[in-house]
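Printed here is structure-v2.cif (mmCIF, C-alpha atoms):
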data_upload
loop_
_atom_site.label_atom_id
_atom_site.label_comp_id
_atom_site.auth_asym_id
_atom_site.auth_seq_id
_atom_site.Cartn_x
_atom_site.Cartn_y
_atom_site.Cartn_z
CA MET K 216 -2.43 194.89 -62.14
CA THR K 217 -1.36 198.24 -63.58
CA SER K 218 1.51 200.27 -62.14
CA THR K 219 -1.02 202.79 -60.82
CA ASP K 220 -2.82 200.07 -58.85
CA ARG K 221 0.32 198.49 -57.45
CA LYS K 222 1.28 199.23 -53.87
CA TYR K 223 4.71 199.10 -52.28
CA TRP K 224 5.77 197.80 -48.88
CA LEU K 225 8.73 197.13 -46.62
CA MET K 226 8.84 193.92 -44.57
CA LYS K 227 11.41 193.00 -41.95
CA ALA K 228 13.07 189.73 -40.93
CA GLU K 229 16.00 188.76 -38.72
CA PRO K 230 19.09 187.52 -40.59
CA ASP K 231 20.90 186.23 -37.48
CA SER K 232 20.22 183.02 -35.60
CA ARG K 233 18.01 183.26 -32.53
CA ILE K 234 16.39 180.27 -30.85
CA VAL K 235 12.76 180.47 -29.71
CA LYS K 236 11.07 177.34 -28.36
CA GLY K 237 13.92 175.29 -29.74
CA LYS K 238 13.58 176.71 -33.26
CA ASP K 239 15.91 179.07 -35.09
CA VAL K 240 13.77 182.02 -36.19
CA LYS K 241 16.29 183.64 -38.51
CA PHE K 242 15.31 184.45 -42.08
CA SER K 243 18.00 186.14 -44.13
CA VAL K 244 18.12 187.10 -47.79
CA ASP K 245 19.97 183.80 -48.34
CA ASP K 246 17.08 181.90 -46.75
CA PHE K 247 14.53 183.88 -48.75
CA GLU K 248 16.31 183.24 -52.05
CA ALA K 249 16.54 179.51 -51.25
CA ALA K 250 12.85 179.34 -50.28
CA GLY K 251 11.66 181.20 -53.37
CA THR K 252 8.11 181.66 -52.07
CA THR K 253 7.24 181.65 -48.38
CA PRO K 254 4.32 182.43 -46.06
CA TRP K 255 4.99 185.56 -43.98
CA GLU K 256 3.75 184.22 -40.69
CA GLY K 257 4.36 185.11 -37.07
CA VAL K 258 3.26 188.76 -37.27
CA ARG K 259 1.63 189.58 -33.95
CA ASN K 260 0.97 193.30 -34.21
CA PHE K 261 -2.47 194.58 -35.22
CA GLU K 262 -1.26 197.49 -37.35
CA ALA K 263 1.18 195.28 -39.27
CA ARG K 264 -1.54 192.64 -39.70
CA ASN K 265 -3.95 195.22 -41.08
CA LEU K 266 -1.37 196.43 -43.58
CA MET K 267 -0.86 192.87 -44.82
CA LYS K 268 -4.62 192.56 -45.30
CA GLU K 269 -4.41 195.52 -47.71
CA MET K 270 -1.82 193.80 -49.93
CA SER K 271 -2.66 192.56 -53.42
CA ILE K 272 -0.95 190.02 -55.65
CA GLY K 273 1.81 191.79 -57.56
CA ASP K 274 2.51 194.42 -54.89
CA LYS K 275 6.25 194.99 -54.45
CA ILE K 276 8.21 194.46 -51.22
CA LEU K 277 11.51 195.82 -49.93
CA PHE K 278 13.05 192.95 -47.93
CA TYR K 279 14.76 194.37 -44.84
CA HIS K 280 17.31 192.83 -42.45
CA SER K 281 16.32 193.84 -38.92
CA ASN K 282 17.49 193.39 -35.33
CA CYS K 283 21.10 192.87 -36.41
CA LYS K 284 24.45 194.66 -36.43
CA SER K 285 23.88 196.21 -39.86
CA PRO K 286 20.15 196.63 -40.58
CA GLY K 287 19.09 197.61 -44.06
CA ILE K 288 17.45 196.64 -47.34
CA ALA K 289 18.87 193.38 -48.66
CA GLY K 290 16.51 192.41 -51.48
CA PHE K 291 13.26 192.71 -53.37
CA ALA K 292 10.14 190.55 -53.42
CA GLU K 293 6.47 190.64 -54.37
CA VAL K 294 3.16 189.52 -52.91
CA SER K 295 2.11 186.20 -54.46
CA ARG K 296 -0.89 185.39 -52.26
CA GLU K 297 -3.23 187.75 -50.49
CA ALA K 298 -3.89 187.64 -46.75
CA TYR K 299 -5.22 184.41 -45.24
CA PRO K 300 -5.39 183.10 -41.64
CA ASP K 301 -2.00 182.55 -40.01
CA TYR K 302 -2.34 178.92 -38.93
CA THR K 303 0.92 179.04 -36.92
CA ALA K 304 -0.98 180.99 -34.24
CA TRP K 305 -2.88 177.76 -33.44
CA ASP K 306 0.25 175.59 -33.21
CA SER K 307 1.34 175.34 -29.56
CA SER K 308 4.85 174.26 -30.63
CA HIS K 309 5.35 177.30 -32.85
CA PRO K 310 7.46 180.20 -31.49
CA TYR K 311 4.54 182.60 -31.93
CA PHE K 312 1.62 180.50 -30.78
CA ASP K 313 -1.27 182.62 -29.53
CA PRO K 314 -3.69 180.75 -27.24
CA LYS K 315 -6.24 183.59 -27.54
CA THR K 316 -6.97 183.04 -31.22
CA LYS K 317 -9.31 180.35 -32.58
CA GLN K 318 -9.49 178.61 -35.94
CA ASP K 319 -13.15 179.54 -36.40
CA ASP K 320 -12.39 183.17 -35.52
CA PRO K 321 -8.79 183.88 -36.64
CA LYS K 322 -7.07 186.95 -35.28
CA TRP K 323 -3.79 186.83 -37.21
CA PHE K 324 -3.21 186.76 -40.97
CA MET K 325 -0.28 186.35 -43.35
CA ILE K 326 0.56 186.72 -47.03
CA ASP K 327 2.83 184.71 -49.29
CA ALA K 328 5.87 186.54 -50.63
CA THR K 329 8.03 185.53 -53.59
CA PHE K 330 11.70 186.45 -53.80
CA LEU K 331 12.66 188.57 -56.81
CA SER K 332 16.29 189.64 -56.44
CA ARG K 333 19.08 190.66 -54.10
CA ALA K 334 20.13 194.25 -53.71
CA GLN K 335 23.37 194.50 -55.67
CA TYR K 336 24.46 197.07 -53.09
CA PHE K 337 23.05 196.52 -49.60
CA VAL K 338 21.24 199.75 -48.58
CA PRO K 339 21.95 200.26 -44.86
CA LEU K 340 19.62 202.05 -42.48
CA SER K 341 22.53 204.29 -41.45
CA LEU K 342 22.74 205.56 -45.04
CA LEU K 343 18.99 206.22 -45.23
CA ARG K 344 19.12 208.16 -41.96
CA HIS K 345 22.07 210.15 -43.28
CA VAL K 346 20.11 210.96 -46.44
CA ALA K 347 17.09 212.01 -44.35
CA ASP K 348 19.22 214.23 -42.12
CA SER K 349 20.77 215.89 -45.19
CA ALA K 350 17.55 216.31 -47.18
CA GLU K 351 17.67 220.11 -47.08
CA SER K 352 21.01 220.25 -48.91
CA ASP K 353 22.28 218.90 -52.21
CA PRO K 354 23.12 215.18 -52.15
CA PRO K 355 26.84 214.37 -52.01
CA ASP K 356 28.62 213.33 -55.18
CA GLU K 357 28.61 209.67 -54.07
CA PHE K 358 24.86 209.39 -54.69
CA ALA K 359 24.00 212.67 -56.40
CA TYR K 360 21.93 210.65 -58.88
CA ILE K 361 18.97 210.49 -56.46
CA GLY K 362 18.60 214.28 -56.50
CA MET K 363 16.90 216.52 -53.96
CA ASP K 364 13.50 214.93 -54.61
CA GLY K 365 14.96 211.50 -53.89
CA MET K 366 16.41 212.69 -50.60
CA LYS K 367 13.05 214.14 -49.56
CA ALA K 368 11.32 210.87 -50.49
CA VAL K 369 13.71 208.94 -48.24
CA LYS K 370 13.18 211.43 -45.42
CA ALA K 371 9.43 210.71 -45.54
CA MET K 372 9.86 206.92 -45.24
CA PRO K 373 8.12 205.39 -42.19
CA LEU K 374 11.35 203.40 -41.74
CA VAL K 375 13.06 206.69 -40.91
CA THR K 376 10.19 208.51 -39.21
CA ARG K 377 8.81 205.58 -37.18
CA GLY K 378 11.33 202.78 -37.49
CA ARG K 379 10.04 199.84 -35.49
CA LEU K 380 6.92 198.56 -37.25
CA SER K 381 7.69 195.32 -39.11
CA VAL K 382 5.36 195.96 -42.07
CA GLN K 383 5.39 199.46 -43.54
CA ARG K 384 4.08 201.39 -46.50
CA VAL K 385 6.55 202.62 -49.12
CA SER K 386 5.75 205.27 -51.73
CA GLN K 387 6.21 204.42 -55.39
CA GLU K 388 8.79 207.20 -55.65
CA CYS K 389 10.74 205.87 -52.70
CA TRP K 390 10.64 202.33 -54.12
CA GLY K 391 12.26 203.66 -57.30
CA ILE K 392 14.92 205.57 -55.34
CA ILE K 393 15.84 202.54 -53.22
CA GLN K 394 15.97 200.31 -56.30
CA MET K 395 18.26 202.82 -58.02
CA MET K 396 20.54 203.04 -54.99
CA SER K 397 20.74 199.25 -54.76
CA GLU K 398 21.85 199.09 -58.39
CA LYS K 399 24.31 202.02 -58.49
CA GLY K 400 25.78 202.20 -54.97
CA GLY K 401 28.49 204.85 -54.60
CA TRP K 402 28.58 205.30 -50.83
CA GLU K 403 30.80 202.30 -50.03
CA GLU K 404 33.71 204.45 -48.83
CA MET K 405 31.52 206.76 -46.78
CA THR K 406 30.96 206.36 -43.05
CA PHE K 407 27.66 206.90 -41.30
CA GLY K 408 26.24 206.63 -37.83
CA LYS K 409 25.76 208.76 -34.79
CA LYS K 410 28.46 211.25 -33.98
CA LYS K 411 30.42 210.54 -30.85
CA THR K 412 29.88 213.08 -28.13
CA SER K 413 32.33 213.97 -25.41
CA ALA K 414 31.53 212.62 -21.98
CA THR K 415 29.81 215.26 -19.89
CA LYS K 416 28.31 215.11 -16.47
CA ARG K 417 24.54 215.07 -16.31
CA PRO K 418 22.80 217.39 -13.87
CA ARG K 419 21.66 215.65 -10.77
CA GLN K 420 17.96 215.74 -9.94
CA ALA K 421 16.27 216.24 -6.65
CA ALA K 422 13.86 213.40 -7.33
CA ILE K 423 12.77 211.05 -10.09
CA LYS K 424 9.11 210.31 -10.64
CA ASN K 425 8.07 206.83 -11.56
CA PHE K 426 6.17 206.52 -14.81
CA ARG K 427 4.43 203.77 -16.75
CA VAL K 428 4.31 203.34 -20.51
CA LYS K 429 1.27 201.48 -21.77
CA PRO K 430 2.48 198.57 -23.94
CA THR K 431 1.10 197.81 -27.36
CA PRO K 432 -1.60 195.07 -27.47
CA THR K 433 0.98 192.51 -28.55
CA ASP K 434 4.51 192.46 -29.87
CA ASP K 435 5.04 192.14 -33.60
CA ASN K 436 7.49 189.49 -34.64
CA ASP K 437 8.54 189.36 -38.24
CA GLY K 438 11.82 187.57 -38.75
CA GLY K 439 12.43 183.87 -38.52
CA GLU K 440 12.97 180.80 -40.54
CA VAL K 441 10.40 179.84 -43.12
CA GLU K 442 8.18 178.95 -40.17
CA ALA K 443 8.42 182.32 -38.40
CA ARG K 444 9.02 185.98 -39.03
CA VAL K 445 10.37 187.90 -36.06
CA ASP K 446 11.55 191.41 -35.30
CA THR K 447 12.16 191.89 -31.60
CA SER K 448 12.98 195.55 -32.19
CA GLU K 449 9.24 196.17 -31.94
CA GLU K 450 9.00 194.99 -28.35
CA LEU K 451 7.55 197.37 -25.83
CA ASP K 452 7.42 195.87 -22.39
CA VAL K 453 7.88 198.47 -19.70
CA ASN K 454 7.05 197.28 -16.22
CA PRO K 455 8.64 199.64 -13.70
CA LYS K 456 8.71 198.63 -10.07
CA LYS K 457 6.42 200.35 -7.62
CA SER K 458 7.98 203.36 -5.98
CA LYS K 459 8.98 203.06 -2.36
CA LYS K 460 7.66 205.44 0.25
CA ARG K 461 10.30 207.90 1.36
CA LYS K 462 10.84 209.43 4.74
CA ALA K 463 10.42 213.15 5.15
CA SER K 464 14.19 213.38 5.72
CA ASP K 465 14.77 211.95 2.26
CA VAL K 466 12.75 214.52 0.32
CA ASN K 467 15.73 216.75 -0.42
CA ALA K 468 18.18 213.92 -1.02
CA GLU K 469 19.78 213.92 -4.44
CA VAL K 470 19.07 210.84 -6.54
CA PRO K 471 21.36 209.93 -9.48
CA LEU K 472 19.83 209.30 -12.90
CA ARG K 473 19.43 205.64 -13.80
CA ARG K 474 19.52 204.06 -17.23
CA SER K 475 17.12 201.30 -18.14
CA ALA K 476 18.82 197.99 -18.82
CA ARG K 477 16.09 197.25 -21.39
CA THR K 478 16.90 200.18 -23.68
CA LYS K 479 17.50 198.98 -27.25
CA LYS K 480 18.82 200.73 -30.33
CA GLU K 481 16.10 201.15 -32.89
CA ASP K 482 16.55 199.80 -36.39
#

Let me see whether you can do it: turn the structure in this file into structure tokens.
Amino acid sequence: MTSTDRKYWLMKAEPDSRIVKGKDVKFSVDDFEAAGTTPWEGVRNFEARNLMKEMSIGDKILFYHSNCKSPGIAGFAEVSREAYPDYTAWDSSHPYFDPKTKQDDPKWFMIDATFLSRAQYFVPLSLLRHVADSAESDPPDEFAYIGMDGMKAVKAMPLVTRGRLSVQRVSQECWGIIQMMSEKGGWEEMTFGKKKTSATKRPRQAAIKNFRVKPTPTDDNDGGEVEARVDTSEELDVNPKKSKKRKASDVNAEVPLRRSARTKKED
């Protein structure tokens, strides 16, 4: 494969322990390095599956820690086997068993990935978002080596613009920028994250309309131990309760805003 034919990807996994059906589905950079080569099973999202089916042997992968306190790029890998049926979908004991798929008509696929190296400097999502937000100005001295073009490449990353999908495309330029950042660092003393805002009262509303968000066909899970890749940050499961009929006397009553208990921080 020539460099012009090679494609670049980002794939997510959970580095922290989480038990599903009695199995720990974590898969950190430590686990990946120890495994060497591993099937990337458990993906249950059609878009992510289709992207894996486009992968070729030799394609490069950014290995990303997801659904954790400090999400970010932890290592580098490559595709070592092209897409083939994900047999874990037929295993009823597996955390991501899918009773709707059949062996003679597989719905889910996976690739094999081979570990290449750790990122010498972990590249946090908070840094990438900071770079994206600052893309219209010169980069700070701490990572001036990426230049304005590098900042714009980061700003265009699906990881920044979309976030949740567990398998994503990466441009060749962005791959080079991330690799450079992981080798040179420079931002270790900087702080990133959302700015704290002063507490202010929200305007009260006369009424709140119920709404329904249509969920995706199935959640994509991409972290896990060698037997499962899961990323629960992709979940979309909104099932609001039916609205209650109100009396005429209640029409003008003020109703306070409510926050959903299911809201999660994207990573």

Worksheet item: Any idea what the distance is between atom CA of Ala263 of chain K and atom CA of Tyr299 of chain K?
Response: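 Atom-to-atom, atom CA of Ala263 of chain K and atom CA of Tyr299 of chain K are spaced 14.0 Å apart.
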
Kindly assemble as a Markdown table a list of the segment 291-360 of chain K residues that lie within 8 Å of segment 231-244 of chain K, each paired with its nearest atom pair and their distance in Å to one decimal, using all atoms listed in the file, sorted first by chain and then by ascending residue number.
| residue | atom | partner | partner_atom | distance |
| --- | --- | --- | --- | --- |
| K:Ser308 | CA | K:Lys236 | CA | 7.3 |
| K:His309 | CA | K:Lys236 | CA | 7.3 |
| K:Pro310 | CA | K:Lys236 | CA | 5.6 |
| K:Arg333 | CA | K:Val244 | CA | 7.3 |

Fill in: Non-local contacts of Gly401 of chain K (9 Å; only C-alpha atoms; under 5 positions in same chain excluded) as a list in words
Tyr336, Asp356, Glu357, Phe358 and Met396 of chain K

Worksheet item: Any chance you could work out the residue set of the PyMOL selection byres ((chain K and resi 365) around 10) here, as a list in words?
Response: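 Expected selection for the PyMOL selection byres ((chain K and resi 365) around 10) here is Val346, Ala347, Ala350, Pro354, Ala359, Tyr360, Ile361, Gly362, Met363, Asp364, Met366, Lys367, Ala368, Val369, Lys370, Glu388, Cys389, Gly391, Ile392 and Ile393 of chain K.
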
Discussion item. Please enumerate the residues selected by the PyMOL selection byres ((chain K and resi 245) around 12) when evaluated against the supplied file, formatted as a list in words.
Written reply: Ala228, Glu229, Pro230, Asp231, Lys241, Phe242, Ser243, Val244, Asp246, Phe247, Glu248, Ala249, Ala250, Gly251, Phe278, His280, Ala289, Gly290, Phe330, Ser332, Arg333, Ala334, Glu440 and Val441 of chain K

Fill in: Between atom CA of Gln394 of chain K and atom CA of Ala371 of chain K, distance in Å (one decimal)
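Taking atom CA of Gln394 of chain K and atom CA of Ala371 of chain K, their separation equals 16.3 Å.
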
Practice prompt. Select, from K:Lys317, K:Lys222, K:Lys227, K:Lys268, the residue with the minimum atom-to-atom distance to Ser281 of chain K, counting only C-alpha atoms.
Written response: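 Result for the nearest residue to Ser281 of chain K: K:Lys227.
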
Discussion item. If we count all atoms listed in the file and set the cut-off at 6 Å, which residues sit around Trp255 of chain K, ignoring sequence neighbours fewer than 2 positions away in its own chain? Please answer as a list in words.
Written reply: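 Within the cut-off, the hits are Met325, Ile326 and Asp327 of chain K.
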
Next, the residues of the selection above should be written as a PDB file, keeping the file's coordinate frame with C-alpha atoms.
ATOM      1  CA  MET K 325      -0.280 186.350 -43.350  1.00  0.00           C
ATOM      2  CA  ILE K 326       0.560 186.720 -47.030  1.00  0.00           C
ATOM      3  CA  ASP K 327       2.830 184.710 -49.290  1.00  0.00           C
TER       4      ASP K 327
END

Worksheet item: Of the candidates K:Trp402, K:Trp390, K:Trp323, K:Tyr302, which one gets nearest to Pro339 of chain K if we count only C-alpha atoms?
Response: K:Trp402

Fill in: Spatial neighbours of Phe324 of chain K, max dist 12 Å, all atoms listed in the file, sep filter under 6 positions, as a list in words
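Selected residues are Pro254, Trp255, Glu256, Gly257, Val258, Arg259, Asn260, Phe261, Glu262, Ala263, Arg264, Asn265, Leu266, Met267, Lys268, Glu269, Met270, Arg296, Glu297, Ala298, Tyr299, Pro300, Asp301, Tyr302, Thr303, Ala304, Trp305, Thr316 and Gln318 of chain K.
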